[in-house]
Amino acid sequence: MSTETVAPDPAGVSLAATLLRTGSVVAVPTETVYGLAADATNPAAVARIYAAKGRPSFNPLIAHVSGAEMAAEHVEISPLARGLIDAFWPGPLTLVLPRKPESPIAAIVTAGLPTLAVRCPDHPVPQALIAALGRPLAAPSANASGQISATRAEHVLKTLGGRIPLIIDGGSCKGGIESTIVAVDGESLRLLRPGGIPREALEAFAPVSLGSSGIEAPGMMESHYAPTKPLRLEAESERDDEFLIGFGPVTGDISLSPAGDPVEAAARLFDCLHAADVSGAGAIAVAPVPHEGLGAAINDRLRRAAAPR
């Protein structure tokens, strides 16, 4: 299979919509990272996402919707969930909510769970595609499973070239890190994956606890977002044959943010990991990044990238 790259113009969006209607998959830009999209109501199409990514079948996917009205067709929206939707949608917040029995979302999207992860993207390309289909898009990150998430079209091509028919090239993603995922449990929240919305912002709405009893959302596998080379964390300097990714005063071969800005670091995280992975060094080291705010999401990605595999 050859992979075509097109512009995010009406012709490119129209071609992508045609492919999606016929059960194919398409890589699309979002405000977080590039997603590998398929019609969320078509189980064969969703299976092609798993096949292209090599994704474990027990790891559920996010259904991307146009807004609260479309979400309400598929999940139960509590008053707390409605407050979060009003505050953070469209944007990088995914809510795990009880799936409605009548929802036509394919069971493969939820990996057999009674809940569904839903998000409203803040980007014109996925919104145009959702409108064209009139249905949600299942769209995990557009990379081979377990490898570094893609924030540019060329990153998608690197791991999925030849596996998918089309990439819409929308340039560099402005956020650079995936959405925050929270499960809404009554009047409280459980943070399942740190991301673009900091925990502190969620705590203004309800108490937030951490963790889960199992895999109930994307990005919860221990080894994830991984480069091909060994990765060492909290590095103040490089060792022999290491490529050092710096932050703040630790300059390194490349820097997440010379100014120590966590927003810049989040946007550059996967670009830096890609650069390190294709360097001539045999291993990668990353400077310490503070754990507050977006730093929690950055460190979560780095911990998973460094996990044994």
# chains A, B, ... in the order shown; residues from 1 in each chain; ligands from 1

call {"tool": "residues_around", "arguments": {"residues": "Ala150 in chain A", "least_positions_apart": "2", "cutoff": "8 Å", "atoms": "only C-alpha atoms", "output": "MDAnalysis selection string"}}
result
chainID A and resid 33:34 141:143 148 152:153 155:156 270:271

call {"tool": "select_by_dssp", "arguments": {"residues": "range 33-247 of chain A", "states": "strand (DSSP E)", "output": "ChimeraX atom specification"}}
result
/A:35-39,62-64,93-98,115-119,137-138,166-168,180-185,188-193,208-210,231-232,242-246

call {"tool": "write_last_selection", "arguments": {"atoms": "N, CA and C atoms", "output": "compact mmCIF listing (two decimals), in the first residue's frame"}}
result
# COMPACT_ATOMS: atom_id res chain seq x y z
N GLY A 35 -3.85 11.82 14.89
CA GLY A 35 -4.66 10.66 15.21
C GLY A 35 -4.86 9.78 13.99
N LEU A 36 -5.02 8.48 14.22
CA LEU A 36 -5.34 7.54 13.15
C LEU A 36 -6.82 7.25 13.23
N ALA A 37 -7.59 7.85 12.32
CA ALA A 37 -9.04 7.91 12.44
C ALA A 37 -9.74 6.85 11.61
N ALA A 38 -10.87 6.37 12.16
CA ALA A 38 -11.78 5.48 11.44
C ALA A 38 -13.19 5.75 11.95
N ASP A 39 -14.18 5.35 11.17
CA ASP A 39 -15.58 5.46 11.58
C ASP A 39 -15.78 4.60 12.83
N ILE A 62 -10.40 6.21 21.92
CA ILE A 62 -11.22 7.39 22.18
C ILE A 62 -12.13 7.64 20.98
N ALA A 63 -13.40 7.91 21.27
CA ALA A 63 -14.35 8.32 20.23
C ALA A 63 -14.39 9.84 20.19
N HIS A 64 -14.03 10.42 19.06
CA HIS A 64 -14.01 11.87 18.90
C HIS A 64 -15.36 12.33 18.36
N LEU A 93 -9.43 17.23 26.65
CA LEU A 93 -9.96 16.49 27.79
C LEU A 93 -10.83 15.35 27.29
N THR A 94 -10.47 14.13 27.67
CA THR A 94 -11.26 12.93 27.35
C THR A 94 -11.98 12.47 28.61
N LEU A 95 -13.27 12.22 28.48
CA LEU A 95 -14.09 11.77 29.60
C LEU A 95 -14.47 10.31 29.39
N VAL A 96 -14.26 9.49 30.41
CA VAL A 96 -14.70 8.09 30.38
C VAL A 96 -16.03 8.02 31.12
N LEU A 97 -17.08 7.69 30.36
CA LEU A 97 -18.45 7.75 30.87
C LEU A 97 -19.19 6.46 30.54
N PRO A 98 -20.29 6.17 31.25
CA PRO A 98 -21.07 4.96 30.93
C PRO A 98 -21.61 5.01 29.50
N THR A 115 -17.88 1.26 29.48
CA THR A 115 -17.69 2.71 29.38
C THR A 115 -17.14 3.07 28.00
N LEU A 116 -17.23 4.35 27.68
CA LEU A 116 -16.70 4.86 26.42
C LEU A 116 -15.93 6.14 26.71
N ALA A 117 -14.74 6.26 26.12
CA ALA A 117 -13.95 7.48 26.24
C ALA A 117 -14.32 8.41 25.10
N VAL A 118 -14.73 9.65 25.42
CA VAL A 118 -15.17 10.60 24.41
C VAL A 118 -14.40 11.91 24.55
N ARG A 119 -14.14 12.54 23.39
CA ARG A 119 -13.44 13.82 23.37
C ARG A 119 -13.94 14.63 22.20
N LEU A 137 -15.49 9.63 15.32
CA LEU A 137 -14.28 9.01 14.80
C LEU A 137 -13.53 8.36 15.95
N ALA A 138 -13.19 7.10 15.80
CA ALA A 138 -12.23 6.47 16.70
C ALA A 138 -10.85 6.89 16.23
N LEU A 166 -3.70 7.33 3.63
CA LEU A 166 -3.73 8.79 3.53
C LEU A 166 -3.31 9.46 4.84
N ILE A 167 -2.56 10.55 4.70
CA ILE A 167 -2.22 11.43 5.82
C ILE A 167 -2.63 12.85 5.41
N ILE A 168 -3.42 13.52 6.25
CA ILE A 168 -3.68 14.94 6.05
C ILE A 168 -2.60 15.72 6.79
N THR A 180 -5.78 14.78 28.42
CA THR A 180 -6.00 14.25 29.76
C THR A 180 -7.22 13.33 29.71
N ILE A 181 -7.13 12.18 30.38
CA ILE A 181 -8.27 11.26 30.44
C ILE A 181 -8.72 11.12 31.89
N VAL A 182 -10.00 11.38 32.13
CA VAL A 182 -10.56 11.22 33.47
C VAL A 182 -11.83 10.39 33.41
N ALA A 183 -12.00 9.53 34.39
CA ALA A 183 -13.25 8.80 34.57
C ALA A 183 -14.11 9.58 35.55
N VAL A 184 -15.36 9.79 35.18
CA VAL A 184 -16.30 10.51 36.04
C VAL A 184 -17.06 9.48 36.86
N ASP A 185 -16.79 9.46 38.17
CA ASP A 185 -17.41 8.51 39.10
C ASP A 185 -18.28 9.27 40.09
N SER A 188 -17.01 12.53 41.88
CA SER A 188 -15.55 12.61 41.92
C SER A 188 -14.96 12.18 40.58
N LEU A 189 -13.66 12.41 40.44
CA LEU A 189 -12.95 12.11 39.20
C LEU A 189 -11.75 11.22 39.49
N ARG A 190 -11.44 10.35 38.55
CA ARG A 190 -10.21 9.57 38.61
C ARG A 190 -9.35 9.92 37.40
N LEU A 191 -8.14 10.35 37.65
CA LEU A 191 -7.22 10.72 36.58
C LEU A 191 -6.56 9.45 36.05
N LEU A 192 -6.91 9.07 34.82
CA LEU A 192 -6.39 7.85 34.22
C LEU A 192 -5.15 8.11 33.38
N ARG A 193 -5.04 9.30 32.80
CA ARG A 193 -3.85 9.66 32.03
C ARG A 193 -3.64 11.15 32.13
N VAL A 208 -10.10 14.78 42.83
CA VAL A 208 -9.46 13.97 41.80
C VAL A 208 -8.55 12.94 42.48
N SER A 209 -8.79 11.68 42.20
CA SER A 209 -7.90 10.62 42.67
C SER A 209 -7.13 10.07 41.49
N LEU A 210 -6.14 9.24 41.78
CA LEU A 210 -5.27 8.71 40.73
C LEU A 210 -5.49 7.23 40.54
N LEU A 231 16.29 4.38 27.36
CA LEU A 231 16.02 5.75 27.80
C LEU A 231 16.29 5.88 29.29
N ARG A 232 17.13 6.85 29.66
CA ARG A 232 17.46 7.11 31.06
C ARG A 232 16.87 8.46 31.47
N GLU A 242 25.35 8.49 24.66
CA GLU A 242 23.98 8.92 24.94
C GLU A 242 23.67 10.23 24.21
N PHE A 243 22.45 10.35 23.78
CA PHE A 243 21.91 11.60 23.24
C PHE A 243 21.11 12.24 24.36
N LEU A 244 21.51 13.42 24.80
CA LEU A 244 20.87 14.06 25.96
C LEU A 244 19.81 15.06 25.51
N ILE A 245 18.59 14.86 26.00
CA ILE A 245 17.50 15.82 25.81
C ILE A 245 17.45 16.71 27.04
N GLY A 246 17.71 17.99 26.85
CA GLY A 246 17.81 18.89 27.98
C GLY A 246 16.49 19.53 28.36

call {"tool": "residues_around", "arguments": {"residues": "range 291-300 of chain A", "least_positions_apart": "3", "cutoff": "8 Å", "atoms": "only C-alpha atoms", "output": "PyMOL selection string"}}
result
chain A and resi 177+193-200+262-263+265-266+269+303-304

call {"tool": "write_last_selection", "arguments": {"atoms": "N, CA, C and O atoms", "output": "PDB file, in the first residue's frame"}}
result
ATOM      1  N   ILE A 177       1.051  17.024  23.111  1.00  0.00           N
ATOM      2  CA  ILE A 177       0.899  15.963  24.095  1.00  0.00           C
ATOM      3  C   ILE A 177      -0.572  15.567  24.123  1.00  0.00           C
ATOM      4  O   ILE A 177      -1.448  16.389  23.853  1.00  0.00           O
ATOM      5  N   ARG A 193      -5.038   9.303  32.797  1.00  0.00           N
ATOM      6  CA  ARG A 193      -3.852   9.663  32.034  1.00  0.00           C
ATOM      7  C   ARG A 193      -3.638  11.154  32.125  1.00  0.00           C
ATOM      8  O   ARG A 193      -4.505  11.925  31.723  1.00  0.00           O
ATOM      9  N   PRO A 194      -2.504  11.624  32.643  1.00  0.00           N
ATOM     10  CA  PRO A 194      -2.225  13.064  32.604  1.00  0.00           C
ATOM     11  C   PRO A 194      -2.086  13.538  31.162  1.00  0.00           C
ATOM     12  O   PRO A 194      -1.707  12.760  30.278  1.00  0.00           O
ATOM     13  N   GLY A 195      -2.408  14.781  30.914  1.00  0.00           N
ATOM     14  CA  GLY A 195      -2.329  15.297  29.550  1.00  0.00           C
ATOM     15  C   GLY A 195      -2.446  16.800  29.497  1.00  0.00           C
ATOM     16  O   GLY A 195      -1.982  17.501  30.404  1.00  0.00           O
ATOM     17  N   GLY A 196      -3.102  17.300  28.446  1.00  0.00           N
ATOM     18  CA  GLY A 196      -3.126  18.727  28.164  1.00  0.00           C
ATOM     19  C   GLY A 196      -3.887  19.569  29.159  1.00  0.00           C
ATOM     20  O   GLY A 196      -3.677  20.785  29.221  1.00  0.00           O
ATOM     21  N   ILE A 197      -4.803  18.975  29.935  1.00  0.00           N
ATOM     22  CA  ILE A 197      -5.504  19.709  31.000  1.00  0.00           C
ATOM     23  C   ILE A 197      -4.897  19.291  32.338  1.00  0.00           C
ATOM     24  O   ILE A 197      -4.996  18.131  32.734  1.00  0.00           O
ATOM     25  N   PRO A 198      -4.239  20.192  33.064  1.00  0.00           N
ATOM     26  CA  PRO A 198      -3.590  19.811  34.322  1.00  0.00           C
ATOM     27  C   PRO A 198      -4.593  19.348  35.381  1.00  0.00           C
ATOM     28  O   PRO A 198      -5.761  19.770  35.388  1.00  0.00           O
ATOM     29  N   ARG A 199      -4.127  18.500  36.276  1.00  0.00           N
ATOM     30  CA  ARG A 199      -4.967  18.010  37.369  1.00  0.00           C
ATOM     31  C   ARG A 199      -5.537  19.162  38.181  1.00  0.00           C
ATOM     32  O   ARG A 199      -6.694  19.122  38.625  1.00  0.00           O
ATOM     33  N   GLU A 200      -4.733  20.209  38.368  1.00  0.00           N
ATOM     34  CA  GLU A 200      -5.172  21.329  39.186  1.00  0.00           C
ATOM     35  C   GLU A 200      -6.433  21.984  38.618  1.00  0.00           C
ATOM     36  O   GLU A 200      -7.293  22.452  39.372  1.00  0.00           O
ATOM     37  N   PRO A 262       7.159  24.484  30.753  1.00  0.00           N
ATOM     38  CA  PRO A 262       6.519  23.180  30.547  1.00  0.00           C
ATOM     39  C   PRO A 262       5.590  23.137  29.339  1.00  0.00           C
ATOM     40  O   PRO A 262       5.417  22.071  28.737  1.00  0.00           O
ATOM     41  N   VAL A 263       4.991  24.260  28.962  1.00  0.00           N
ATOM     42  CA  VAL A 263       4.130  24.281  27.775  1.00  0.00           C
ATOM     43  C   VAL A 263       4.967  24.029  26.525  1.00  0.00           C
ATOM     44  O   VAL A 263       4.608  23.214  25.662  1.00  0.00           O
ATOM     45  N   ALA A 265       7.830  22.542  26.510  1.00  0.00           N
ATOM     46  CA  ALA A 265       8.348  21.176  26.630  1.00  0.00           C
ATOM     47  C   ALA A 265       7.315  20.150  26.177  1.00  0.00           C
ATOM     48  O   ALA A 265       7.651  19.173  25.495  1.00  0.00           O
ATOM     49  N   ALA A 266       6.055  20.368  26.536  1.00  0.00           N
ATOM     50  CA  ALA A 266       5.004  19.443  26.109  1.00  0.00           C
ATOM     51  C   ALA A 266       4.878  19.435  24.594  1.00  0.00           C
ATOM     52  O   ALA A 266       4.737  18.381  23.967  1.00  0.00           O
ATOM     53  N   LEU A 269       8.000  17.563  23.123  1.00  0.00           N
ATOM     54  CA  LEU A 269       8.402  16.282  23.697  1.00  0.00           C
ATOM     55  C   LEU A 269       8.632  15.215  22.635  1.00  0.00           C
ATOM     56  O   LEU A 269       9.704  14.609  22.560  1.00  0.00           O
ATOM     57  N   ARG A 303       8.225   8.228  31.675  1.00  0.00           N
ATOM     58  CA  ARG A 303       8.308   6.995  32.487  1.00  0.00           C
ATOM     59  C   ARG A 303       7.900   5.795  31.643  1.00  0.00           C
ATOM     60  O   ARG A 303       8.537   4.742  31.675  1.00  0.00           O
ATOM     61  N   ARG A 304       6.821   5.937  30.872  1.00  0.00           N
ATOM     62  CA  ARG A 304       6.379   4.825  30.036  1.00  0.00           C
ATOM     63  C   ARG A 304       7.372   4.554  28.909  1.00  0.00           C
ATOM     64  O   ARG A 304       7.602   3.402  28.531  1.00  0.00           O
TER      65      ARG A 304
END

call {"tool": "atom_distance", "arguments": {"atom1": "CA of Ala106 in chain A", "atom2": "CA of Gly12 in chain A"}}
result
26.3 Å

call {"tool": "residues_around", "arguments": {"residues": "Val278 in chain A", "least_positions_apart": "6", "cutoff": "10 Å", "atoms": "only C-alpha atoms", "output": "ChimeraX atom specification"}}
result
/A:227-229

call {"tool": "residues_around", "arguments": {"residues": "Pro249 in chain A", "least_positions_apart": "6", "cutoff": "8 Å", "atoms": "only C-alpha atoms", "output": "list of chain:residue names"}}
result
A:Pro258, A:Ala259, A:Gly260

call {"tool": "atom_distance", "arguments": {"atom1": "CA of Glu238 in chain A", "atom2": "CA of Asp253 in chain A"}}
result
9.1 Å

call {"tool": "residues_around", "arguments": {"residues": "Ala40 in chain A", "least_positions_apart": "5", "cutoff": "10 Å", "atoms": "only C-alpha atoms", "output": "list in words"}}
result
Leu20, Gly23, Ala45, Val46, Leu61, Ile62, Ala63, His64, Val65, Pro104, Ile105, Ala106, Ala107, Ile108, Val109, Arg135, Pro136, Leu137, Ala138 and Ala139 of chain A

call {"tool": "closest_residue", "arguments": {"among": "A:Glu234, A:Gly280, A:Ala16, A:Leu256", "to": "Glu4 in chain A", "atoms": "only C-alpha atoms"}}
result
A:Ala16

call {"tool": "residues_around", "arguments": {"residues": "Ala52 in chain A", "least_positions_apart": "3", "cutoff": "7 Å", "atoms": "only C-alpha atoms", "output": "mmCIF file with C-alpha atoms, in the first residue's frame"}}
result
data_model
loop_
_atom_site.group_PDB
_atom_site.id
_atom_site.type_symbol
_atom_site.label_atom_id
_atom_site.label_comp_id
_atom_site.auth_asym_id
_atom_site.auth_seq_id
_atom_site.Cartn_x
_atom_site.Cartn_y
_atom_site.Cartn_z
ATOM 1 C CA ARG A 48 -7.867 -1.629 10.620
ATOM 2 C CA ILE A 49 -6.641 0.889 13.214
ATOM 3 C CA LEU A 160 2.811 3.982 9.410
ATOM 4 C CA ARG A 163 0.270 0.709 6.260
ATOM 5 C CA ILE A 164 -2.356 3.415 5.712
#

call {"tool": "atom_distance", "arguments": {"atom1": "CA of Glu69 in chain A", "atom2": "CA of Ser24 in chain A"}}
result
25.7 Å

call {"tool": "select_by_dssp", "arguments": {"residues": "range 57-293 of chain A", "states": "alpha helix (DSSP H)", "output": "number ranges by chain"}}
result
A: 68-72, 79-88, 107-110, 124-133, 153-160, 199-202, 262-277

call {"tool": "closest_residue", "arguments": {"among": "A:Glu264, A:Ala307, A:Ser14, A:Ala287", "to": "Val250 in chain A", "atoms": "only C-alpha atoms"}}
result
A:Ala287

call {"tool": "closest_residue", "arguments": {"among": "A:Ala87, A:Ile284, A:Ala132, A:Leu19", "to": "Ala204 in chain A", "atoms": "only C-alpha atoms"}}
result
A:Ala87

call {"tool": "decode", "arguments": {"residues": "range 117-143 of chain A", "atoms": "N, CA, C and O atoms", "output": "JSON list (two decimals), in the first residue's frame"}}
result
[["chain", "number", "residue", "atom", "x", "y", "z"],
["A", 117, "ALA", "N", -14.74, 6.26, 26.12],
["A", 117, "ALA", "CA", -13.95, 7.48, 26.24],
["A", 117, "ALA", "C", -14.32, 8.41, 25.10],
["A", 117, "ALA", "O", -14.27, 8.02, 23.93],
["A", 118, "VAL", "N", -14.73, 9.65, 25.42],
["A", 118, "VAL", "CA", -15.17, 10.60, 24.41],
["A", 118, "VAL", "C", -14.40, 11.91, 24.55],
["A", 118, "VAL", "O", -14.07, 12.34, 25.65],
["A", 119, "ARG", "N", -14.14, 12.54, 23.39],
["A", 119, "ARG", "CA", -13.44, 13.82, 23.37],
["A", 119, "ARG", "C", -13.94, 14.63, 22.20],
["A", 119, "ARG", "O", -14.29, 14.10, 21.15],
["A", 120, "CYS", "N", -13.94, 15.96, 22.37],
["A", 120, "CYS", "CA", -14.29, 16.88, 21.30],
["A", 120, "CYS", "C", -13.03, 17.64, 20.89],
["A", 120, "CYS", "O", -12.54, 18.50, 21.65],
["A", 121, "PRO", "N", -12.44, 17.33, 19.73],
["A", 121, "PRO", "CA", -11.17, 17.96, 19.34],
["A", 121, "PRO", "C", -11.33, 19.42, 18.96],
["A", 121, "PRO", "O", -12.33, 19.82, 18.37],
["A", 122, "ASP", "N", -10.33, 20.21, 19.28],
["A", 122, "ASP", "CA", -10.32, 21.63, 18.95],
["A", 122, "ASP", "C", -9.44, 21.85, 17.73],
["A", 122, "ASP", "O", -8.38, 22.48, 17.79],
["A", 123, "HIS", "N", -9.85, 21.27, 16.61],
["A", 123, "HIS", "CA", -9.08, 21.38, 15.37],
["A", 123, "HIS", "C", -10.06, 21.26, 14.20],
["A", 123, "HIS", "O", -10.94, 20.39, 14.21],
["A", 124, "PRO", "N", -9.92, 22.10, 13.18],
["A", 124, "PRO", "CA", -10.92, 22.09, 12.10],
["A", 124, "PRO", "C", -10.94, 20.82, 11.27],
["A", 124, "PRO", "O", -12.00, 20.47, 10.72],
["A", 125, "VAL", "N", -9.83, 20.11, 11.13],
["A", 125, "VAL", "CA", -9.81, 18.92, 10.27],
["A", 125, "VAL", "C", -10.66, 17.80, 10.85],
["A", 125, "VAL", "O", -11.57, 17.30, 10.17],
["A", 126, "PRO", "N", -10.41, 17.33, 12.08],
["A", 126, "PRO", "CA", -11.30, 16.28, 12.59],
["A", 126, "PRO", "C", -12.74, 16.74, 12.73],
["A", 126, "PRO", "O", -13.67, 15.93, 12.51],
["A", 127, "GLN", "N", -12.95, 17.99, 13.05],
["A", 127, "GLN", "CA", -14.33, 18.47, 13.14],
["A", 127, "GLN", "C", -15.02, 18.40, 11.78],
["A", 127, "GLN", "O", -16.19, 18.02, 11.68],
["A", 128, "ALA", "N", -14.31, 18.75, 10.71],
["A", 128, "ALA", "CA", -14.89, 18.67, 9.37],
["A", 128, "ALA", "C", -15.20, 17.23, 8.99],
["A", 128, "ALA", "O", -16.23, 16.94, 8.36],
["A", 129, "LEU", "N", -14.34, 16.30, 9.38],
["A", 129, "LEU", "CA", -14.55, 14.89, 9.05],
["A", 129, "LEU", "C", -15.71, 14.31, 9.85],
["A", 129, "LEU", "O", -16.52, 13.53, 9.31],
["A", 130, "ILE", "N", -15.81, 14.67, 11.12],
["A", 130, "ILE", "CA", -16.94, 14.21, 11.93],
["A", 130, "ILE", "C", -18.25, 14.73, 11.34],
["A", 130, "ILE", "O", -19.24, 13.99, 11.24],
["A", 131, "ALA", "N", -18.25, 15.99, 10.91],
["A", 131, "ALA", "CA", -19.46, 16.56, 10.30],
["A", 131, "ALA", "C", -19.79, 15.86, 8.99],
["A", 131, "ALA", "O", -20.97, 15.60, 8.69],
["A", 132, "ALA", "N", -18.78, 15.54, 8.20],
["A", 132, "ALA", "CA", -19.01, 14.88, 6.92],
["A", 132, "ALA", "C", -19.60, 13.49, 7.10],
["A", 132, "ALA", "O", -20.47, 13.06, 6.33],
["A", 133, "LEU", "N", -19.13, 12.77, 8.13],
["A", 133, "LEU", "CA", -19.64, 11.42, 8.38],
["A", 133, "LEU", "C", -20.94, 11.44, 9.17],
["A", 133, "LEU", "O", -21.77, 10.53, 9.03],
["A", 134, "GLY", "N", -21.10, 12.43, 10.04],
["A", 134, "GLY", "CA", -22.24, 12.46, 10.94],
["A", 134, "GLY", "C", -22.12, 11.45, 12.06],
["A", 134, "GLY", "O", -23.11, 11.11, 12.72],
["A", 135, "ARG", "N", -20.91, 10.96, 12.30],
["A", 135, "ARG", "CA", -20.66, 9.93, 13.30],
["A", 135, "ARG", "C", -19.32, 10.20, 13.98],
["A", 135, "ARG", "O", -18.45, 10.87, 13.40],
["A", 136, "PRO", "N", -19.12, 9.65, 15.18],
["A", 136, "PRO", "CA", -17.82, 9.84, 15.84],
["A", 136, "PRO", "C", -16.69, 9.14, 15.10],
["A", 136, "PRO", "O", -16.91, 8.16, 14.36],
["A", 137, "LEU", "N", -15.49, 9.63, 15.32],
["A", 137, "LEU", "CA", -14.28, 9.01, 14.80],
["A", 137, "LEU", "C", -13.53, 8.36, 15.95],
["A", 137, "LEU", "O", -13.27, 9.00, 16.98],
["A", 138, "ALA", "N", -13.19, 7.10, 15.80],
["A", 138, "ALA", "CA", -12.23, 6.47, 16.70],
["A", 138, "ALA", "C", -10.85, 6.89, 16.23],
["A", 138, "ALA", "O", -10.53, 6.75, 15.04],
["A", 139, "ALA", "N", -10.02, 7.42, 17.13],
["A", 139, "ALA", "CA", -8.75, 7.96, 16.66],
["A", 139, "ALA", "C", -7.70, 7.94, 17.76],
["A", 139, "ALA", "O", -7.54, 8.92, 18.48],
["A", 140, "PRO", "N", -6.95, 6.85, 17.89],
["A", 140, "PRO", "CA", -5.77, 6.86, 18.75],
["A", 140, "PRO", "C", -4.64, 7.61, 18.06],
["A", 140, "PRO", "O", -4.79, 8.06, 16.91],
["A", 141, "SER", "N", -3.52, 7.75, 18.72],
["A", 141, "SER", "CA", -2.39, 8.46, 18.11],
["A", 141, "SER", "C", -1.89, 7.70, 16.88],
["A", 141, "SER", "O", -1.92, 6.47, 16.82],
["A", 142, "ALA", "N", -1.45, 8.44, 15.88],
["A", 142, "ALA", "CA", -1.09, 7.88, 14.58],
["A", 142, "ALA", "C", 0.38, 7.47, 14.57],
["A", 142, "ALA", "O", 1.23, 8.11, 13.95],
["A", 143, "ASN", "N", 0.66, 6.38, 15.27],
["A", 143, "ASN", "CA", 2.00, 5.81, 15.32],
["A", 143, "ASN", "C", 1.86, 4.31, 15.54],
["A", 143, "ASN", "O", 0.83, 3.84, 16.02]]
